[in-house]
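Peer 1: The structure follows.
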2 protein chains.
Amino acid sequence: MLTARIQSIKISVWAVAMAALTVLATPALAQEDEYRDPQEPRWSIAIHGGAGTMRRDSMTEQQQADYKAALQKALDTGAAILKDGGTALDAVEATIRLMEDDPRFNAGKGAVFTWEGTNELDASIMEGNGRNAGAATGVTRTRHPISLARKVMEDSPHVFLSGAGADQFAREQALEQVDPAFFETERRKDALERFKASQVSTLNDSGDDDYKFGTVGAVALDLNGNLAAGTSTGGMTGKRWGRIGDSPVIGAGTYADDRSCAVSATGSGEYFIRVGVAKEICSRLYARFRREIDVAQATVPLDAEGFPTYIIHASEMILTQAQVQEEVDSVMQEVGDLGGDGGVIVTTPIGYTIYSFNTEGMYRGRADSDGLSEVAIFADEVTDPVE
Amino acid sequence: MLTARIQSIKISVWAVAMAALTVLATPALAQEDEYRDPQEPRWSIAIHGGAGTMRRDSMTEQQQADYKAALQKALDTGAAILKDGGTALDAVEATIRLMEDDPRFNAGKGAVFTWEGTNELDASIMEGNGRNAGAATGVTRTRHPISLARKVMEDSPHVFLSGAGADQFAREQALEQVDPAFFETERRKDALERFKASQVSTLNDSGDDDYKFGTVGAVALDLNGNLAAGTSTGGMTGKRWGRIGDSPVIGAGTYADDRSCAVSATGSGEYFIRVGVAKEICSRLYARFRREIDVAQATVPLDAEGFPTYIIHASEMILTQAQVQEEVDSVMQEVGDLGGDGGVIVTTPIGYTIYSFNTEGMYRGRADSDGLSEVAIFADEVTDPVE
């Protein structure tokens, strides 16, 4: 009986705490206004265009400015959709479509070449409400792999399609088809030649980011409180044997769950699959949250009849941006410990936007309904001051 | 300063607790000998051959006996390897190879047919020590997909290969190749005809388990304390567009981490991918464990100087078999809530073996170094009494 009563308290505390997820303070206002009106809608978006050994001395000012302009354009596109009340899913898809069309990034046009000299594209998308997901790998004719991933999610009984079958499904769904040559760029073809000349056939970092970085991704929270995440890539230069990286693997390169967060990853995909990075970040945030609740609950003294002497206030149990950052960093630490490099972008149900990467840089940007809007490339660039 | 000291205590408590993972009591002795010598090596193995709407009235006694004999043979093969000091990885591979060759199961010979009338095989394998993993999808010529998955893990720079490239890699690695007709069986061809005749083109359960169940898998703990997990399947009858299910997806159908557990799943793969079942079970066990520690720590009164008045004993923080079962069931509950069905097998670093499934039956078996050895088919079959 006592146990049943305590269990009941536990559940109601849990319910209150879950509701509190919607009142977590945003970074920009964390100092002065820690717990905001839970009814106030907010939106947020974060994007990446790949992580790697970027050095200032290897990029001209003009190149840096070009990349930043491309990131800002993608970010603004997603932000405008969210600001207008559009869905996180729409914002993620539109943002990634733009980056797929931009030859600077290793996704869609501008994808890296396989060992056989082809471009084989991977993408995945997921929405946090209902955890629906779609993904495709080995795409060679569909202009926007991220839109194919969405079609798989919405209009097929499956989650994950591959190869010629994935393109066939895209055609049946009337998605724009292109000649495979559409995706080719000289820069990426040269990278394959250099790769073959160097006889590099392992995952060892060649020091040339054209080999494997440049994956694009976006995560977003919309005004309805729903999360979405998406990732698109050409994979790694010289990939063979139908290699699949983490980008199209739900749980590795992409994950979204309205109870915890939305994640998109970029980097040495094999390590991200083994750690299950995107899913692990969401699981860890959820677990951290439950742990904080249990600890708080355990410290409430019980009265003579076994009831808690006070109810824990929701504000005592929410995660701070620093705690979220800590959990995200701890997962990236595991990737690094295994030997992998790369990074992730994360957003949460209250609109925190988080970067975490163990490379010298990551093409990245973020914006939210509190007026945050920034893009950056190198690790040492000053971004949002609360980080 | 105080915070630093508490943190230090926290870390040592954590270290003690992690060590305690190796002293968890085995089910058979849980009553009389709860905490055993941590130095005593133990092994365990669990297998499955698919989950579904099995009914006693749809199987003859002879069919039941045949399936049980096939399961027992596979179980005994893995158990013998573990008993002799072999690795969990070897046990998992050998067990699954046997089941791949057995036409009763939907893996290797006896795989279901795609919409196009071919057999396309998927498999994955993972070891908990170092979290190495390998997987392949769309295999049509390699006799033992589970061995291909292992080769991908051990002898390629990649984790996940697909299609003709995966078979090519297998040939380069001298794995046995067969004519694609090798995998065909009349029973599965008939299932495709029935599937096409019924015009079923969605994931809705047709009531005929030949459509989608029969995936095989194994999880094992070896005498060195290492875990491994593996899964192999032909997917679902009538699959199209190069559909990839959960079996080859690390984190969905297969996961192993020596810090938490090894998992192999079977069922409606799309749901298992969306929930990230195998990874989520491991994450949840790990998180539960941490939560129990934090709660225990939080309830220790501090003295005037802020130090805990006593150190929590390791035995207070270990998870019981019932707690592990609860966490595993909670993940399967999420699959069920989304509309998915199927099951999982799990083993932990201390040798608990767990089944959890929401179907009427699951071909399954388990054995351990305490003398447990059982096989079962239907949900209502009495298995190990401590469950």
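Following the order of the structure tokens, first chain is A, next is B, and so on, with residues numbered from 1 inside each chain and ligands from 1 in the order they appear.
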If you run DSSP on the backbone here, which positions in stretch 310-378 of chain B get alpha helix (DSSP H)? Please write them as JSON, numbers by chain.

Peer 2: {"B": [321, 322, 323, 324, 325, 326, 327, 328, 329, 330, 331, 332, 333, 334, 335, 336, 337, 338]}

Peer 1: For a quick test of understanding: name the residues of chain B lying within 7 Å of chain A when counting only C-alpha atoms, and present them as a PyMOL selection string.

Peer 2: chain B and resi 131-133+157-163+165-166+168-169+202-203+240-245+250-251+270+273-274+276+283+287+291+294-295+298-299

Peer 1: May I have the selected residues written with N, CA and C atoms, as a CSV table (one decimal), in the first residue's frame?

Peer 2:
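Listed below is the output, part.csv:
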chain,number,residue,atom,x,y,z
B,131,ARG,N,33.4,-2.5,-28.7
B,131,ARG,CA,32.2,-2.2,-29.5
B,131,ARG,C,32.6,-2.2,-31.0
B,132,ASN,N,33.3,-3.3,-31.4
B,132,ASN,CA,33.5,-3.5,-32.9
B,132,ASN,C,32.2,-4.1,-33.5
B,133,ALA,N,32.0,-3.7,-34.7
B,133,ALA,CA,30.8,-4.2,-35.3
B,133,ALA,C,31.0,-4.4,-36.8
B,157,PRO,N,37.8,-1.6,-43.4
B,157,PRO,CA,37.8,-0.4,-42.7
B,157,PRO,C,36.4,0.1,-42.4
B,158,HIS,N,35.4,-0.7,-42.9
B,158,HIS,CA,34.0,-0.3,-42.7
B,158,HIS,C,33.2,-1.1,-41.7
B,159,VAL,N,32.0,-0.7,-41.4
B,159,VAL,CA,31.1,-1.4,-40.5
B,159,VAL,C,30.0,-2.0,-41.3
B,160,PHE,N,29.5,-1.4,-42.4
B,160,PHE,CA,28.3,-1.8,-43.0
B,160,PHE,C,28.4,-1.8,-44.5
B,161,LEU,N,28.3,-2.9,-45.2
B,161,LEU,CA,28.4,-3.0,-46.6
B,161,LEU,C,27.1,-3.5,-47.2
B,162,SER,N,26.9,-3.2,-48.5
B,162,SER,CA,25.6,-3.5,-49.1
B,162,SER,C,25.7,-4.0,-50.5
B,163,GLY,N,24.7,-4.8,-50.9
B,163,GLY,CA,24.5,-5.3,-52.2
B,163,GLY,C,25.6,-6.1,-52.9
B,165,GLY,N,28.4,-5.2,-53.8
B,165,GLY,CA,29.7,-4.8,-53.2
B,165,GLY,C,30.0,-5.7,-52.0
B,166,ALA,N,29.0,-6.0,-51.2
B,166,ALA,CA,29.1,-6.8,-50.0
B,166,ALA,C,29.6,-8.3,-50.4
B,168,GLN,N,31.0,-9.0,-53.2
B,168,GLN,CA,32.4,-8.9,-53.8
B,168,GLN,C,33.4,-8.9,-52.7
B,169,PHE,N,33.1,-8.2,-51.6
B,169,PHE,CA,34.1,-8.2,-50.5
B,169,PHE,C,34.2,-9.6,-49.9
B,202,THR,N,1.6,-3.6,-47.6
B,202,THR,CA,1.9,-2.8,-46.4
B,202,THR,C,2.5,-3.7,-45.3
B,203,LEU,N,2.8,-3.1,-44.2
B,203,LEU,CA,3.3,-3.9,-43.1
B,203,LEU,C,2.3,-4.6,-42.3
B,240,ARG,N,10.4,-4.7,-51.1
B,240,ARG,CA,10.7,-4.0,-52.3
B,240,ARG,C,11.7,-2.9,-52.1
B,241,TRP,N,12.1,-2.3,-53.3
B,241,TRP,CA,12.9,-1.1,-53.3
B,241,TRP,C,14.2,-1.2,-52.5
B,242,GLY,N,14.7,-2.4,-52.4
B,242,GLY,CA,16.0,-2.6,-51.6
B,242,GLY,C,15.8,-2.3,-50.1
B,243,ARG,N,14.6,-2.7,-49.6
B,243,ARG,CA,14.3,-2.5,-48.2
B,243,ARG,C,15.3,-3.1,-47.3
B,244,ILE,N,15.7,-2.3,-46.3
B,244,ILE,CA,16.6,-2.8,-45.2
B,244,ILE,C,15.8,-2.8,-43.9
B,245,GLY,N,15.8,-3.9,-43.2
B,245,GLY,CA,15.2,-4.0,-42.0
B,245,GLY,C,16.1,-3.7,-40.8
B,250,ILE,N,23.1,-1.8,-36.8
B,250,ILE,CA,23.7,-1.8,-35.5
B,250,ILE,C,22.9,-0.8,-34.7
B,251,GLY,N,22.5,-1.3,-33.5
B,251,GLY,CA,21.7,-0.4,-32.7
B,251,GLY,C,20.2,-0.7,-32.7
B,270,GLU,N,10.8,-2.3,-39.1
B,270,GLU,CA,10.7,-0.8,-39.2
B,270,GLU,C,10.5,-0.2,-37.8
B,273,ILE,N,13.8,-0.3,-35.8
B,273,ILE,CA,14.7,0.8,-36.2
B,273,ILE,C,14.3,2.1,-35.5
B,274,ARG,N,13.1,2.4,-35.6
B,274,ARG,CA,12.6,3.7,-35.1
B,274,ARG,C,12.8,3.8,-33.6
B,276,GLY,N,15.1,2.0,-32.1
B,276,GLY,CA,16.5,1.7,-31.8
B,276,GLY,C,16.7,0.7,-30.7
B,283,SER,N,21.4,1.0,-23.4
B,283,SER,CA,21.5,2.4,-22.8
B,283,SER,C,20.6,2.4,-21.5
B,287,ALA,N,21.8,3.2,-17.8
B,287,ALA,CA,21.2,4.3,-17.1
B,287,ALA,C,20.5,3.9,-15.8
B,291,ARG,N,21.3,5.3,-12.1
B,291,ARG,CA,20.2,5.9,-11.4
B,291,ARG,C,20.1,5.3,-10.0
B,294,ASP,N,22.9,6.8,-8.0
B,294,ASP,CA,22.7,8.1,-7.6
B,294,ASP,C,21.7,8.2,-6.5
B,295,VAL,N,20.7,7.4,-6.6
B,295,VAL,CA,19.6,7.5,-5.5
B,295,VAL,C,20.2,7.0,-4.2
B,298,ALA,N,22.4,9.6,-2.8
B,298,ALA,CA,21.7,10.7,-2.3
B,298,ALA,C,21.0,10.5,-1.0
B,299,THR,N,20.8,9.2,-0.6
B,299,THR,CA,20.1,8.9,0.6
B,299,THR,C,21.1,8.7,1.8

Peer 1: Give me, please, the distance in Å between atom CA of A:Glu154 and atom CA of A:Ile345, quoted to one decimal.

Peer 2: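 Here the two named atoms are 24.3 Å from each other.
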
Peer 1: With only C-alpha atoms as the counted atoms, please give the residues lying no more than 7 Å from stretch 355-366 of chain A, apart from itself and same-chain residues fewer than 5 positions off, as a compact mmCIF listing (two decimals) with N, CA and C atoms, in the first residue's frame.

Peer 2:
# COMPACT_ATOMS: atom_id res chain seq x y z
N ILE A 45 16.80 26.13 -34.43
CA ILE A 45 17.37 25.32 -35.52
C ILE A 45 18.89 25.35 -35.41
N ALA A 46 19.52 24.21 -35.72
CA ALA A 46 20.98 24.15 -35.82
C ALA A 46 21.30 23.37 -37.09
N ILE A 47 22.38 23.76 -37.74
CA ILE A 47 22.78 23.07 -38.98
C ILE A 47 24.28 22.77 -38.95
N HIS A 48 24.68 21.79 -39.75
CA HIS A 48 26.12 21.58 -39.95
C HIS A 48 26.37 21.25 -41.41
N GLY A 49 27.61 21.51 -41.82
CA GLY A 49 28.02 21.22 -43.18
C GLY A 49 29.30 20.40 -43.19
N GLY A 50 29.47 19.60 -42.10
CA GLY A 50 30.65 18.75 -42.00
C GLY A 50 31.66 19.26 -40.99
N ALA A 51 32.44 18.33 -40.44
CA ALA A 51 33.47 18.68 -39.46
C ALA A 51 34.80 18.11 -39.95
N GLY A 52 35.89 18.74 -39.59
CA GLY A 52 37.18 18.23 -40.05
C GLY A 52 38.36 19.05 -39.58
N THR A 53 39.49 18.77 -40.22
CA THR A 53 40.73 19.45 -39.82
C THR A 53 40.87 20.77 -40.56
N MET A 54 39.89 21.63 -40.34
CA MET A 54 39.92 22.93 -41.01
C MET A 54 40.94 23.84 -40.33
N LEU A 71 26.13 28.86 -45.33
CA LEU A 71 25.52 28.39 -44.07
C LEU A 71 24.40 29.32 -43.63
N LEU A 75 20.56 28.43 -43.03
CA LEU A 75 20.00 28.67 -41.70
C LEU A 75 18.78 29.59 -41.78
N VAL A 328 26.03 15.57 -24.03
CA VAL A 328 26.37 15.46 -25.46
C VAL A 328 27.89 15.26 -25.59
N ASP A 329 28.65 16.05 -24.85
CA ASP A 329 30.11 15.92 -24.90
C ASP A 329 30.57 14.53 -24.46
N MET A 332 30.34 12.27 -27.40
CA MET A 332 31.42 12.55 -28.35
C MET A 332 32.77 12.09 -27.80
N ASP A 341 36.47 10.73 -35.22
CA ASP A 341 36.35 12.17 -35.10
C ASP A 341 35.16 12.69 -35.89
N GLY A 342 34.71 13.86 -35.50
CA GLY A 342 33.53 14.45 -36.12
C GLY A 342 32.77 15.27 -35.10
N GLY A 343 31.50 15.47 -35.37
CA GLY A 343 30.73 16.30 -34.47
C GLY A 343 29.23 16.08 -34.62
N VAL A 344 28.50 16.73 -33.74
CA VAL A 344 27.04 16.64 -33.77
C VAL A 344 26.42 18.02 -33.52
N ILE A 345 25.20 18.16 -34.01
CA ILE A 345 24.36 19.29 -33.61
C ILE A 345 23.13 18.72 -32.92
N VAL A 346 22.66 19.42 -31.91
CA VAL A 346 21.55 18.92 -31.09
C VAL A 346 20.61 20.08 -30.79
N SER A 373 21.33 34.06 -33.87
CA SER A 373 21.55 33.69 -35.28
C SER A 373 23.04 33.81 -35.55
N GLU A 374 23.71 32.69 -35.72
CA GLU A 374 25.16 32.73 -35.90
C GLU A 374 25.62 31.59 -36.80
N VAL A 375 26.73 31.81 -37.49
CA VAL A 375 27.40 30.75 -38.23
C VAL A 375 28.87 30.78 -37.86
N ALA A 376 29.54 29.63 -37.96
CA ALA A 376 30.94 29.55 -37.57
C ALA A 376 31.60 28.38 -38.28
N ILE A 377 32.91 28.41 -38.33
CA ILE A 377 33.68 27.34 -38.98
C ILE A 377 34.67 26.70 -38.01
N PHE A 378 35.55 27.53 -37.43
CA PHE A 378 36.65 26.99 -36.62
C PHE A 378 36.24 26.79 -35.16
N ALA A 379 36.95 25.88 -34.50
CA ALA A 379 36.59 25.53 -33.11
C ALA A 379 36.73 26.74 -32.19

Peer 1: In Å, with one decimal, what is the gap from atom CA of A:Gly128 to atom CA of A:Val263?

Peer 2: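 Value for the atom CA of A:Gly128-atom CA of A:Val263 distance: 10.3 Å.
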
Peer 1: Give me every strand (DSSP E) residue in stretch 37-178 of chain A, going by DSSP on the backbone, as a ChimeraX atom specification.

Peer 2: /A:44-52,121-127,132-139,160-162

Peer 1: Take the residues just selected and output them with N, CA and C atoms as a tab-separated table (two decimals), in the first residue's frame.

Peer 2:
chain	number	residue	atom	x	y	z
A	44	SER	N	13.72	26.66	-32.70
A	44	SER	CA	15.19	26.70	-32.78
A	44	SER	C	15.64	25.82	-33.94
A	45	ILE	N	16.80	26.13	-34.43
A	45	ILE	CA	17.37	25.32	-35.52
A	45	ILE	C	18.89	25.35	-35.41
A	46	ALA	N	19.52	24.21	-35.72
A	46	ALA	CA	20.98	24.15	-35.82
A	46	ALA	C	21.30	23.37	-37.09
A	47	ILE	N	22.38	23.76	-37.74
A	47	ILE	CA	22.78	23.07	-38.98
A	47	ILE	C	24.28	22.77	-38.95
A	48	HIS	N	24.68	21.79	-39.75
A	48	HIS	CA	26.12	21.58	-39.95
A	48	HIS	C	26.37	21.25	-41.41
A	49	GLY	N	27.61	21.51	-41.82
A	49	GLY	CA	28.02	21.22	-43.18
A	49	GLY	C	29.30	20.40	-43.19
A	50	GLY	N	29.47	19.60	-42.10
A	50	GLY	CA	30.65	18.75	-42.00
A	50	GLY	C	31.66	19.26	-40.99
A	51	ALA	N	32.44	18.33	-40.44
A	51	ALA	CA	33.47	18.68	-39.46
A	51	ALA	C	34.80	18.11	-39.95
A	52	GLY	N	35.89	18.74	-39.59
A	52	GLY	CA	37.18	18.23	-40.05
A	52	GLY	C	38.36	19.05	-39.58
A	121	LEU	N	24.62	8.38	-52.88
A	121	LEU	CA	24.16	9.31	-51.85
A	121	LEU	C	23.33	8.62	-50.77
A	122	ASP	N	23.49	9.09	-49.55
A	122	ASP	CA	22.75	8.57	-48.40
A	122	ASP	C	22.05	9.71	-47.69
A	123	ALA	N	20.88	9.44	-47.14
A	123	ALA	CA	20.20	10.47	-46.34
A	123	ALA	C	19.20	9.82	-45.39
A	124	SER	N	18.87	10.54	-44.34
A	124	SER	CA	17.83	10.06	-43.42
A	124	SER	C	17.16	11.25	-42.76
A	125	ILE	N	15.94	11.03	-42.32
A	125	ILE	CA	15.17	12.09	-41.67
A	125	ILE	C	14.29	11.44	-40.60
A	126	MET	N	14.01	12.19	-39.54
A	126	MET	CA	13.20	11.61	-38.46
A	126	MET	C	12.45	12.73	-37.77
A	127	GLU	N	11.21	12.45	-37.37
A	127	GLU	CA	10.47	13.44	-36.59
A	127	GLU	C	10.26	12.89	-35.18
A	132	ASN	N	8.65	8.79	-36.30
A	132	ASN	CA	8.65	8.27	-37.66
A	132	ASN	C	10.00	8.58	-38.29
A	133	ALA	N	10.43	7.70	-39.18
A	133	ALA	CA	11.75	7.88	-39.78
A	133	ALA	C	11.77	7.34	-41.20
A	134	GLY	N	12.66	7.90	-42.01
A	134	GLY	CA	12.88	7.40	-43.36
A	134	GLY	C	14.34	7.58	-43.73
A	135	ALA	N	14.84	6.67	-44.57
A	135	ALA	CA	16.25	6.74	-44.95
A	135	ALA	C	16.47	6.04	-46.28
A	136	ALA	N	17.53	6.44	-46.96
A	136	ALA	CA	17.90	5.80	-48.22
A	136	ALA	C	19.41	5.79	-48.35
A	137	THR	N	19.93	4.72	-48.95
A	137	THR	CA	21.39	4.62	-49.16
A	137	THR	C	21.67	4.16	-50.58
A	138	GLY	N	22.79	4.60	-51.12
A	138	GLY	CA	23.19	4.17	-52.47
A	138	GLY	C	22.35	4.79	-53.58
A	139	VAL	N	21.84	5.98	-53.32
A	139	VAL	CA	21.01	6.69	-54.30
A	139	VAL	C	21.92	7.30	-55.38
A	160	PHE	N	13.83	2.17	-44.46
A	160	PHE	CA	15.19	2.24	-44.99
A	160	PHE	C	15.22	1.52	-46.35
A	161	LEU	N	15.48	2.28	-47.43
A	161	LEU	CA	15.59	1.68	-48.76
A	161	LEU	C	17.01	1.83	-49.28
A	162	SER	N	17.35	0.98	-50.26
A	162	SER	CA	18.74	1.00	-50.74
A	162	SER	C	18.85	0.85	-52.25

Peer 1: List the spatial neighbours of B:Pro180 as a VMD selection string - criterion: any atom at most 10 Å away, only C-alpha atoms, same-chain residues fewer than 5 positions off excluded.

Peer 2: chain B and resid 109 118 to 120 139 to 143

Peer 1: Those same residues - N, CA, C and O atoms - I'd like them written as a PDB file, in the first residue's frame.

Peer 2:
ATOM      1  N   LYS B 109      19.895 -20.236 -46.113  1.00  0.00           N
ATOM      2  CA  LYS B 109      18.986 -21.141 -46.843  1.00  0.00           C
ATOM      3  C   LYS B 109      17.627 -21.137 -46.156  1.00  0.00           C
ATOM      4  O   LYS B 109      17.535 -21.374 -44.955  1.00  0.00           O
ATOM      5  N   THR B 118      13.677 -12.772 -55.537  1.00  0.00           N
ATOM      6  CA  THR B 118      15.049 -13.112 -55.166  1.00  0.00           C
ATOM      7  C   THR B 118      15.140 -13.276 -53.645  1.00  0.00           C
ATOM      8  O   THR B 118      14.196 -12.972 -52.914  1.00  0.00           O
ATOM      9  N   ASN B 119      16.291 -13.773 -53.182  1.00  0.00           N
ATOM     10  CA  ASN B 119      16.559 -13.822 -51.738  1.00  0.00           C
ATOM     11  C   ASN B 119      17.663 -12.824 -51.469  1.00  0.00           C
ATOM     12  O   ASN B 119      18.745 -12.911 -52.055  1.00  0.00           O
ATOM     13  N   GLU B 120      17.399 -11.856 -50.604  1.00  0.00           N
ATOM     14  CA  GLU B 120      18.408 -10.848 -50.265  1.00  0.00           C
ATOM     15  C   GLU B 120      18.613 -10.867 -48.762  1.00  0.00           C
ATOM     16  O   GLU B 120      17.695 -10.599 -47.991  1.00  0.00           O
ATOM     17  N   VAL B 139      22.725  -9.185 -49.483  1.00  0.00           N
ATOM     18  CA  VAL B 139      23.662 -10.237 -49.886  1.00  0.00           C
ATOM     19  C   VAL B 139      22.901 -11.303 -50.684  1.00  0.00           C
ATOM     20  O   VAL B 139      21.817 -11.732 -50.275  1.00  0.00           O
ATOM     21  N   THR B 140      23.445 -11.750 -51.832  1.00  0.00           N
ATOM     22  CA  THR B 140      22.728 -12.752 -52.632  1.00  0.00           C
ATOM     23  C   THR B 140      23.568 -13.980 -52.963  1.00  0.00           C
ATOM     24  O   THR B 140      23.060 -14.949 -53.506  1.00  0.00           O
ATOM     25  N   ARG B 141      24.858 -13.935 -52.666  1.00  0.00           N
ATOM     26  CA  ARG B 141      25.728 -15.045 -53.083  1.00  0.00           C
ATOM     27  C   ARG B 141      26.604 -15.609 -51.970  1.00  0.00           C
ATOM     28  O   ARG B 141      27.324 -16.575 -52.173  1.00  0.00           O
ATOM     29  N   THR B 142      26.597 -14.994 -50.819  1.00  0.00           N
ATOM     30  CA  THR B 142      27.474 -15.460 -49.746  1.00  0.00           C
ATOM     31  C   THR B 142      26.694 -16.382 -48.822  1.00  0.00           C
ATOM     32  O   THR B 142      25.667 -15.991 -48.263  1.00  0.00           O
ATOM     33  N   ARG B 143      27.166 -17.627 -48.678  1.00  0.00           N
ATOM     34  CA  ARG B 143      26.391 -18.646 -47.976  1.00  0.00           C
ATOM     35  C   ARG B 143      26.054 -18.254 -46.545  1.00  0.00           C
ATOM     36  O   ARG B 143      24.955 -18.478 -46.066  1.00  0.00           O
TER      37      ARG B 143
END

Peer 1: So that I can check the surroundings of B:Arg104, please list as JSON, numbers by chain every protein, DNA and RNA residue that reaches within 12 Å of it, counting only C-alpha atoms and ignoring chain neighbours fewer than 4 positions away.

Peer 2: {"B": [49, 50, 63, 64, 66, 67, 68, 69, 70, 71, 98, 99, 100, 108, 109, 110, 111, 112, 183, 184, 185, 186, 187, 188, 210, 213, 214, 215, 216, 233, 363]}

Peer 1: From the options B:Gly235, B:Pro41, B:Pro248, B:Pro349, which residue's atoms come nearest to B:Cys261, counting only C-alpha atoms?

Peer 2: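 Using only C-alpha atoms, B:Cys261 sits closest to B:Pro349.
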
Peer 1: Could you check how far atom CA of B:Asp222 sits from atom CA of B:Glu40, in Å to one decimal?

Peer 2: 12.0 Å
